[in-house]
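Source file upload-v5.txt; content: compact mmCIF, C-alpha atoms.
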```txt
# COMPACT_ATOMS: atom_id res chain seq x y z
CA MET F 1 4.68 -14.48 13.76
CA LYS F 2 5.11 -13.36 17.36
CA LEU F 3 8.46 -11.69 16.73
CA PHE F 4 7.18 -8.10 16.68
CA SER F 5 4.72 -8.65 19.55
CA LYS F 6 7.76 -9.14 21.80
CA ILE F 7 8.53 -5.44 21.46
CA PRO F 8 6.60 -4.11 24.48
CA ALA F 9 4.25 -1.16 24.07
CA HIS F 10 4.25 -0.30 27.78
CA LYS F 11 7.82 1.01 27.96
CA ASP F 12 8.38 4.72 28.37
CA GLU F 13 6.70 6.78 25.70
CA ARG F 14 9.90 8.02 24.06
CA SER F 15 11.30 4.50 23.59
CA ALA F 16 7.99 3.23 22.24
CA ARG F 17 7.77 6.08 19.73
CA LEU F 18 11.34 5.53 18.55
CA ALA F 19 10.65 1.82 18.13
CA GLY F 20 7.45 2.65 16.22
CA ILE F 21 9.28 5.04 13.90
CA GLY F 22 12.04 2.48 13.33
CA LEU F 23 9.54 -0.25 12.46
CA MET F 24 7.63 2.07 10.11
CA LEU F 25 10.84 3.02 8.27
CA LEU F 26 11.82 -0.66 8.09
CA SER F 27 8.40 -1.60 6.72
CA ILE F 28 8.56 1.08 4.01
CA PHE F 29 12.02 -0.12 2.98
CA MET F 30 10.72 -3.70 2.74
CA PHE F 31 7.60 -2.68 0.80
CA SER F 32 9.76 -0.67 -1.60
CA PHE F 33 12.26 -3.52 -1.97
CA GLY F 34 9.38 -5.92 -2.65
CA ASP F 35 7.94 -3.52 -5.24
CA ALA F 36 11.32 -3.32 -6.98
CA MET F 37 11.53 -7.13 -6.98
CA GLY F 38 8.03 -7.28 -8.47
CA LYS F 39 8.94 -4.83 -11.25
CA PHE F 40 12.05 -6.88 -11.95
CA MET F 41 10.04 -10.12 -12.17
CA VAL F 42 7.29 -8.78 -14.45
CA ALA F 43 9.95 -7.95 -17.02
CA THR F 44 10.08 -11.73 -17.64
CA TYR F 45 6.90 -13.18 -16.16
CA SER F 46 3.29 -12.07 -16.39
CA VAL F 47 1.59 -10.00 -13.71
CA GLY F 48 -0.74 -12.97 -13.12
CA GLN F 49 2.21 -15.23 -12.33
CA LEU F 50 3.64 -12.66 -9.95
CA LEU F 51 0.31 -12.30 -8.12
CA LEU F 52 -0.13 -16.08 -7.86
CA LEU F 53 3.32 -17.09 -6.64
CA ARG F 54 3.83 -14.04 -4.43
CA ALA F 55 0.47 -14.53 -2.70
CA CYS F 56 1.05 -18.28 -2.39
CA ALA F 57 4.26 -17.67 -0.44
CA ALA F 58 2.56 -15.05 1.74
CA LEU F 59 -0.37 -17.34 2.59
CA ILE F 60 2.00 -20.20 3.47
CA VAL F 61 3.83 -17.88 5.89
CA LEU F 62 0.52 -16.68 7.35
CA SER F 63 -1.07 -20.16 7.57
CA PRO F 64 -0.07 -20.88 11.23
CA SER F 65 -1.63 -17.59 12.33
CA ILE F 66 -4.69 -18.21 10.14
CA TRP F 67 -5.16 -21.60 11.81
CA ARG F 68 -4.78 -20.17 15.32
CA HIS F 69 -7.38 -17.48 14.63
CA ARG F 70 -9.66 -19.61 12.42
CA ALA F 71 -12.70 -18.87 14.59
CA GLN F 72 -12.52 -15.21 13.56
CA PHE F 73 -13.01 -16.19 9.91
CA VAL F 74 -16.38 -17.84 10.59
CA LEU F 75 -18.51 -14.90 11.74
CA LEU F 76 -17.30 -11.96 9.70
CA GLU F 77 -18.85 -8.54 10.09
CA ARG F 78 -20.56 -7.41 6.89
CA PRO F 79 -19.27 -10.21 4.63
CA TRP F 80 -20.22 -8.41 1.39
CA LEU F 81 -18.17 -5.41 2.45
CA GLN F 82 -15.29 -7.75 3.27
CA LEU F 83 -15.58 -9.22 -0.23
CA LEU F 84 -15.60 -5.76 -1.81
CA ARG F 85 -12.52 -4.80 0.20
CA ALA F 86 -10.62 -7.93 -0.91
CA THR F 87 -11.64 -7.28 -4.52
CA LEU F 88 -10.43 -3.68 -4.44
CA SER F 89 -7.19 -4.75 -2.79
CA THR F 90 -6.62 -7.33 -5.51
CA LEU F 91 -7.32 -4.81 -8.29
CA GLU F 92 -5.04 -2.14 -6.86
CA VAL F 93 -2.10 -4.53 -6.41
CA ALA F 94 -2.58 -5.82 -9.97
CA ALA F 95 -2.78 -2.21 -11.23
CA PHE F 96 0.42 -1.32 -9.37
CA PHE F 97 2.50 -4.06 -10.96
CA LEU F 98 0.86 -3.71 -14.39
CA ALA F 99 1.70 0.01 -14.41
CA ALA F 100 5.22 -0.81 -13.19
CA VAL F 101 5.79 -2.86 -16.34
CA TYR F 102 5.68 0.34 -18.40
CA LEU F 103 6.48 3.19 -15.98
CA PRO F 104 9.45 3.98 -13.74
CA LEU F 105 8.91 2.84 -10.16
CA ALA F 106 9.02 6.42 -8.85
CA ASP F 107 6.18 7.44 -11.17
CA VAL F 108 3.90 4.61 -10.00
CA VAL F 109 4.67 5.29 -6.33
CA THR F 110 3.97 9.01 -6.86
CA TYR F 111 0.44 8.25 -8.03
CA TYR F 112 -0.12 5.94 -5.06
CA LEU F 113 1.10 8.60 -2.63
CA ALA F 114 -2.00 10.59 -3.62
CA CYS F 115 -4.17 8.06 -1.76
CA PRO F 116 -4.73 10.23 1.39
CA ILE F 117 -5.87 13.05 -0.90
CA PHE F 118 -8.34 10.76 -2.67
CA VAL F 119 -9.53 9.39 0.69
CA THR F 120 -10.31 12.90 1.97
CA ALA F 121 -12.19 13.85 -1.20
CA LEU F 122 -14.14 10.59 -1.32
CA SER F 123 -15.00 10.68 2.39
CA ALA F 124 -16.80 13.98 1.75
CA ILE F 125 -18.48 12.90 -1.48
CA VAL F 126 -19.33 9.27 -0.67
CA LEU F 127 -19.61 9.16 3.13
CA GLY F 128 -20.86 12.71 3.62
CA GLU F 129 -18.11 13.53 6.13
CA ARG F 130 -17.60 17.22 6.78
CA VAL F 131 -14.43 18.53 5.13
CA GLY F 132 -13.56 22.17 5.80
CA TRP F 133 -12.09 24.65 3.35
CA ARG F 134 -8.55 24.08 4.59
CA ARG F 135 -8.59 20.39 3.72
CA TRP F 136 -10.42 21.04 0.43
CA THR F 137 -7.64 23.48 -0.43
CA ALA F 138 -5.05 20.80 0.40
CA VAL F 139 -6.99 18.32 -1.76
CA LEU F 140 -6.97 20.71 -4.72
CA ILE F 141 -3.26 21.42 -4.26
CA GLY F 142 -2.62 17.67 -4.09
CA PHE F 143 -4.54 17.14 -7.32
CA CYS F 144 -2.37 19.82 -8.92
CA GLY F 145 0.63 17.74 -7.85
CA VAL F 146 -0.93 14.68 -9.51
CA LEU F 147 -1.45 16.64 -12.73
CA ILE F 148 2.13 17.89 -12.67
CA ALA F 149 3.43 14.33 -12.23
CA LEU F 150 1.02 13.06 -14.90
CA ARG F 151 2.23 15.71 -17.38
CA PRO F 152 -1.04 15.64 -19.36
CA SER F 153 -0.42 16.34 -23.02
CA THR F 154 -0.95 14.51 -26.26
CA GLN F 155 2.70 13.46 -26.21
CA THR F 156 3.12 12.30 -22.62
CA ILE F 157 -0.23 11.02 -21.32
CA SER F 158 -0.44 7.22 -21.34
CA TRP F 159 -2.74 4.41 -20.35
CA PRO F 160 -0.22 2.95 -17.83
CA ALA F 161 -0.44 6.27 -15.95
CA PHE F 162 -4.23 5.96 -15.87
CA ILE F 163 -3.90 2.37 -14.64
CA ALA F 164 -1.69 3.61 -11.79
CA LEU F 165 -4.19 6.37 -10.97
CA GLY F 166 -7.03 3.84 -11.09
CA GLY F 167 -5.11 1.63 -8.69
CA SER F 168 -4.58 4.61 -6.38
CA LEU F 169 -8.32 5.37 -6.42
CA SER F 170 -9.09 1.70 -5.66
CA PHE F 171 -6.60 1.92 -2.80
CA ALA F 172 -8.40 5.03 -1.47
CA VAL F 173 -11.80 3.28 -1.50
CA LEU F 174 -10.13 0.29 0.15
CA MET F 175 -8.95 2.57 2.96
CA LEU F 176 -12.47 3.99 3.42
CA ILE F 177 -13.89 0.48 3.72
CA THR F 178 -11.13 -0.51 6.15
CA ARG F 179 -12.18 2.44 8.34
CA SER F 180 -15.62 0.86 8.74
CA LEU F 181 -14.24 -2.63 9.41
CA ARG F 182 -12.10 -1.72 12.40
CA ALA F 183 -13.60 -4.56 14.46
CA THR F 184 -12.19 -7.16 12.04
CA ALA F 185 -8.96 -8.85 13.17
CA ASP F 186 -5.74 -7.87 11.39
CA ILE F 187 -5.08 -11.46 10.30
CA VAL F 188 -8.48 -11.62 8.61
CA LEU F 189 -7.91 -8.35 6.74
CA ALA F 190 -4.38 -9.28 5.64
CA SER F 191 -5.07 -12.88 4.62
CA SER F 192 -8.19 -11.89 2.65
CA GLN F 193 -6.07 -9.46 0.64
CA PHE F 194 -3.49 -12.12 -0.19
CA ALA F 195 -6.26 -14.63 -0.94
CA GLY F 196 -7.76 -12.21 -3.44
CA THR F 197 -4.48 -11.72 -5.28
CA PHE F 198 -3.95 -15.51 -5.25
CA LEU F 199 -7.33 -16.11 -6.93
CA LEU F 200 -6.80 -13.42 -9.57
CA GLY F 201 -3.31 -14.75 -10.22
CA ALA F 202 -4.68 -18.28 -10.60
CA LEU F 203 -7.13 -16.99 -13.22
CA LEU F 204 -4.60 -14.96 -15.19
CA SER F 205 -1.38 -16.94 -14.88
CA PRO F 206 -2.27 -19.71 -17.39
CA PHE F 207 -2.19 -17.05 -20.12
CA GLY F 208 1.44 -16.68 -21.13
CA TRP F 209 2.72 -18.99 -18.38
CA ILE F 210 6.49 -19.32 -18.27
CA THR F 211 7.86 -22.10 -16.11
CA PRO F 212 9.98 -20.29 -13.52
CA SER F 213 13.53 -21.31 -12.77
CA PHE F 214 14.57 -22.22 -9.25
CA VAL F 215 16.12 -18.77 -8.76
CA SER F 216 12.89 -17.12 -9.93
CA LEU F 217 10.83 -19.25 -7.55
CA VAL F 218 13.08 -18.10 -4.72
CA LEU F 219 12.53 -14.47 -5.75
CA PHE F 220 8.75 -14.95 -5.94
CA ALA F 221 8.77 -16.54 -2.49
CA ALA F 222 10.99 -13.80 -1.11
CA ALA F 223 8.62 -11.13 -2.46
CA GLY F 224 5.70 -12.77 -0.65
CA CYS F 225 7.60 -13.17 2.62
CA ILE F 226 8.85 -9.58 2.47
CA SER F 227 5.30 -8.25 2.02
CA VAL F 228 4.13 -10.21 5.09
CA ALA F 229 7.05 -9.00 7.22
CA ALA F 230 6.46 -5.41 6.09
CA LEU F 231 2.77 -5.64 7.00
CA LEU F 232 3.65 -6.96 10.46
CA CYS F 233 6.05 -4.05 10.95
CA VAL F 234 3.36 -1.52 9.98
CA ASN F 235 0.81 -3.02 12.36
CA ARG F 236 3.25 -3.16 15.29
CA SER F 237 4.48 0.36 14.57
CA LEU F 238 0.93 1.71 14.87
CA LYS F 239 0.52 -0.08 18.21
CA LEU F 240 3.77 1.29 19.64
CA ALA F 241 3.34 4.93 18.63
CA PRO F 242 0.48 7.27 17.66
CA ALA F 243 -0.41 7.26 13.98
CA SER F 244 0.33 10.99 13.84
CA VAL F 245 3.96 10.21 14.74
CA VAL F 246 4.70 7.28 12.41
CA VAL F 247 2.43 7.66 9.36
CA PRO F 248 4.28 10.66 7.82
CA TYR F 249 7.36 8.44 7.58
CA GLN F 250 5.49 6.37 4.97
CA TYR F 251 6.32 9.09 2.47
CA SER F 252 9.94 7.89 2.57
CA MET F 253 8.68 5.34 0.03
CA ILE F 254 9.33 7.82 -2.80
CA ILE F 255 13.01 8.04 -1.76
CA TRP F 256 13.42 4.27 -1.96
CA ALA F 257 11.49 4.16 -5.24
CA VAL F 258 13.88 6.67 -6.79
CA MET F 259 16.94 4.83 -5.42
CA PHE F 260 15.82 1.34 -6.46
CA GLY F 261 14.57 2.65 -9.80
CA PHE F 262 17.96 4.17 -10.57
CA ALA F 263 20.12 1.36 -9.14
CA VAL F 264 18.21 -1.57 -10.67
CA PHE F 265 16.52 -0.18 -13.78
CA GLY F 266 18.54 2.94 -14.57
CA ASP F 267 15.45 5.15 -14.25
CA VAL F 268 16.10 8.83 -13.60
CA PRO F 269 12.96 10.61 -12.32
CA SER F 270 11.90 13.61 -14.35
CA LEU F 271 11.59 17.06 -12.81
CA PRO F 272 7.76 17.02 -13.09
CA THR F 273 7.66 13.71 -11.20
CA ILE F 274 9.85 15.08 -8.39
CA LEU F 275 7.88 18.34 -8.19
CA GLY F 276 4.53 16.54 -8.30
CA ALA F 277 5.62 14.09 -5.60
CA ALA F 278 6.77 16.98 -3.35
CA ILE F 279 3.40 18.74 -3.73
CA ILE F 280 1.45 15.51 -3.11
CA ILE F 281 3.50 14.71 0.00
CA GLY F 282 3.06 18.23 1.38
CA ALA F 283 -0.72 18.15 0.82
CA GLY F 284 -0.98 14.64 2.29
CA ILE F 285 0.91 15.54 5.46
CA TYR F 286 -1.21 18.67 5.91
CA ILE F 287 -4.44 16.67 5.52
CA PHE F 288 -3.20 14.12 8.04
CA LEU F 289 -2.21 16.77 10.61
CA ARG F 290 -5.50 18.63 10.08
CA GLU F 291 -7.54 15.47 10.72
CA ARG F 292 -5.49 14.88 13.84
CA ALA F 293 -6.17 18.45 15.04
CA LEU F 294 -9.90 17.85 14.54
CA GLY F 295 -9.68 14.74 16.70
CA ARG F 296 -10.48 12.32 13.90
CA GLY F 297 -7.05 10.78 13.60
CA GLY F 298 -5.16 10.76 10.36
CA THR F 299 -5.80 8.47 7.46
CA VAL F 300 -3.53 5.50 7.96
CA VAL F 301 -2.32 4.28 4.60
CA SER F 302 -0.60 0.91 4.62
CA PRO F 303 1.22 0.37 1.32
CA PRO F 304 -0.14 -2.22 -1.12
CA VAL F 305 0.30 -5.84 -0.05
```

Using structure tokens, write down the structure that the file contains.
Amino acid sequence: MKLFSKIPAHKDERSARLAGIGLMLLSIFMFSFGDAMGKFMVATYSVGQLLLLRACAALIVLSPSIWRHRAQFVLLERPWLQLLRATLSTLEVAAFFLAAVYLPLADVVTYYLACPIFVTALSAIVLGERVGWRRWTAVLIGFCGVLIALRPSTQTISWPAFIALGGSLSFAVLMLITRSLRATADIVLASSQFAGTFLLGALLSPFGWITPSFVSLVLFAAAGCISVAALLCVNRSLKLAPASVVVPYQYSMIIWAVMFGFAVFGDVPSLPTILGAAIIIGAGIYIFLRERALGRGGTVVSPPV
């Protein structure tokens, strides 16, 4: 668990930024690879089984760090808010993989890329934060991108798309709550998310349980380990370089989603999906840079764990 902490943050600024960018790109590749593995597994096994076995592997990997920092789990700040955050995290991960059963990977990822747009809109509506006309314009443009990707019509609109959008909204609220829990240790935040998915998986997996083969167990375990490693890369990246430098690289997720979707599942993204994703990414980057210019710092969006 100390592997990434050995990369020093006190080196010269250029080296630290390059290391941060490299780790962010590596984390996005691993998240995308893990998502593709999850989509592959839910073609045979239930989403509940995936959540259970994936989270079990992740918690086993995290257990030494959880034990070392066990004192930080005793006195949690705002425990009810922590519980709400873990619940939302569980729901959005379940929504991601449930939508991925029916939709191409690039489509699901496109809806989740709208998270910074939802965060900005919700921060004004729910938290009363001041959002100027420039960011409201970016929000509206981003929503147009969502509509283009959604392709709303009686022939194309579907409940899996709404599940993906619901997961993206849950992810946005999760990010808002995480903003207010900055004093909570990273290990507490991460392990509570995996614990939530473990509990939901334990509840759902008995329905339609299929005894996994040894190869499948290895894949489930690999998916959990990959998600932990990716999360460690994200956290270390944000410590090595400013968020404004590394966070825009998270949008490379759509590239990997398209590549894995085509290579593994034969999915070819439609023109509306590509156009919608481009609009969403442009609006998201503008919102992030605008928040940075206002001295608030951009919305850091770690992909679903």

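Comparing F:Leu26, F:Leu165, F:Val61, F:Leu76 by their smallest distance to Val188 (chain F), the closest is F:Leu76 (using only C-alpha atoms).
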
**OP:** Would you mind telling me which residue in F:Thr90, F:Thr110, F:Thr197, F:Gln49 lies nearest to Leu217 (chain F) when using all atoms listed in the file?
**Re:** F:Gln49

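Nearest to Ser65 (chain F) of all the residues F:Ile187, F:Leu51, F:Ala164, F:Val131 is F:Ile187, counting only C-alpha atoms.
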
**OP:** May I ask which of the residues F:Leu83, F:Ala257, F:Leu231, F:Ala185 is the closest one to Pro104 (chain F), counting only C-alpha atoms?
**Re:**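 That would be F:Ala257, the residue with the smallest distance to Pro104 (chain F).
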
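If only C-alpha atoms are the atoms counted, then among F:Ala106, F:Gly145, F:Leu199, F:Ile125 the closest residue to Leu91 (chain F) is F:Leu199.
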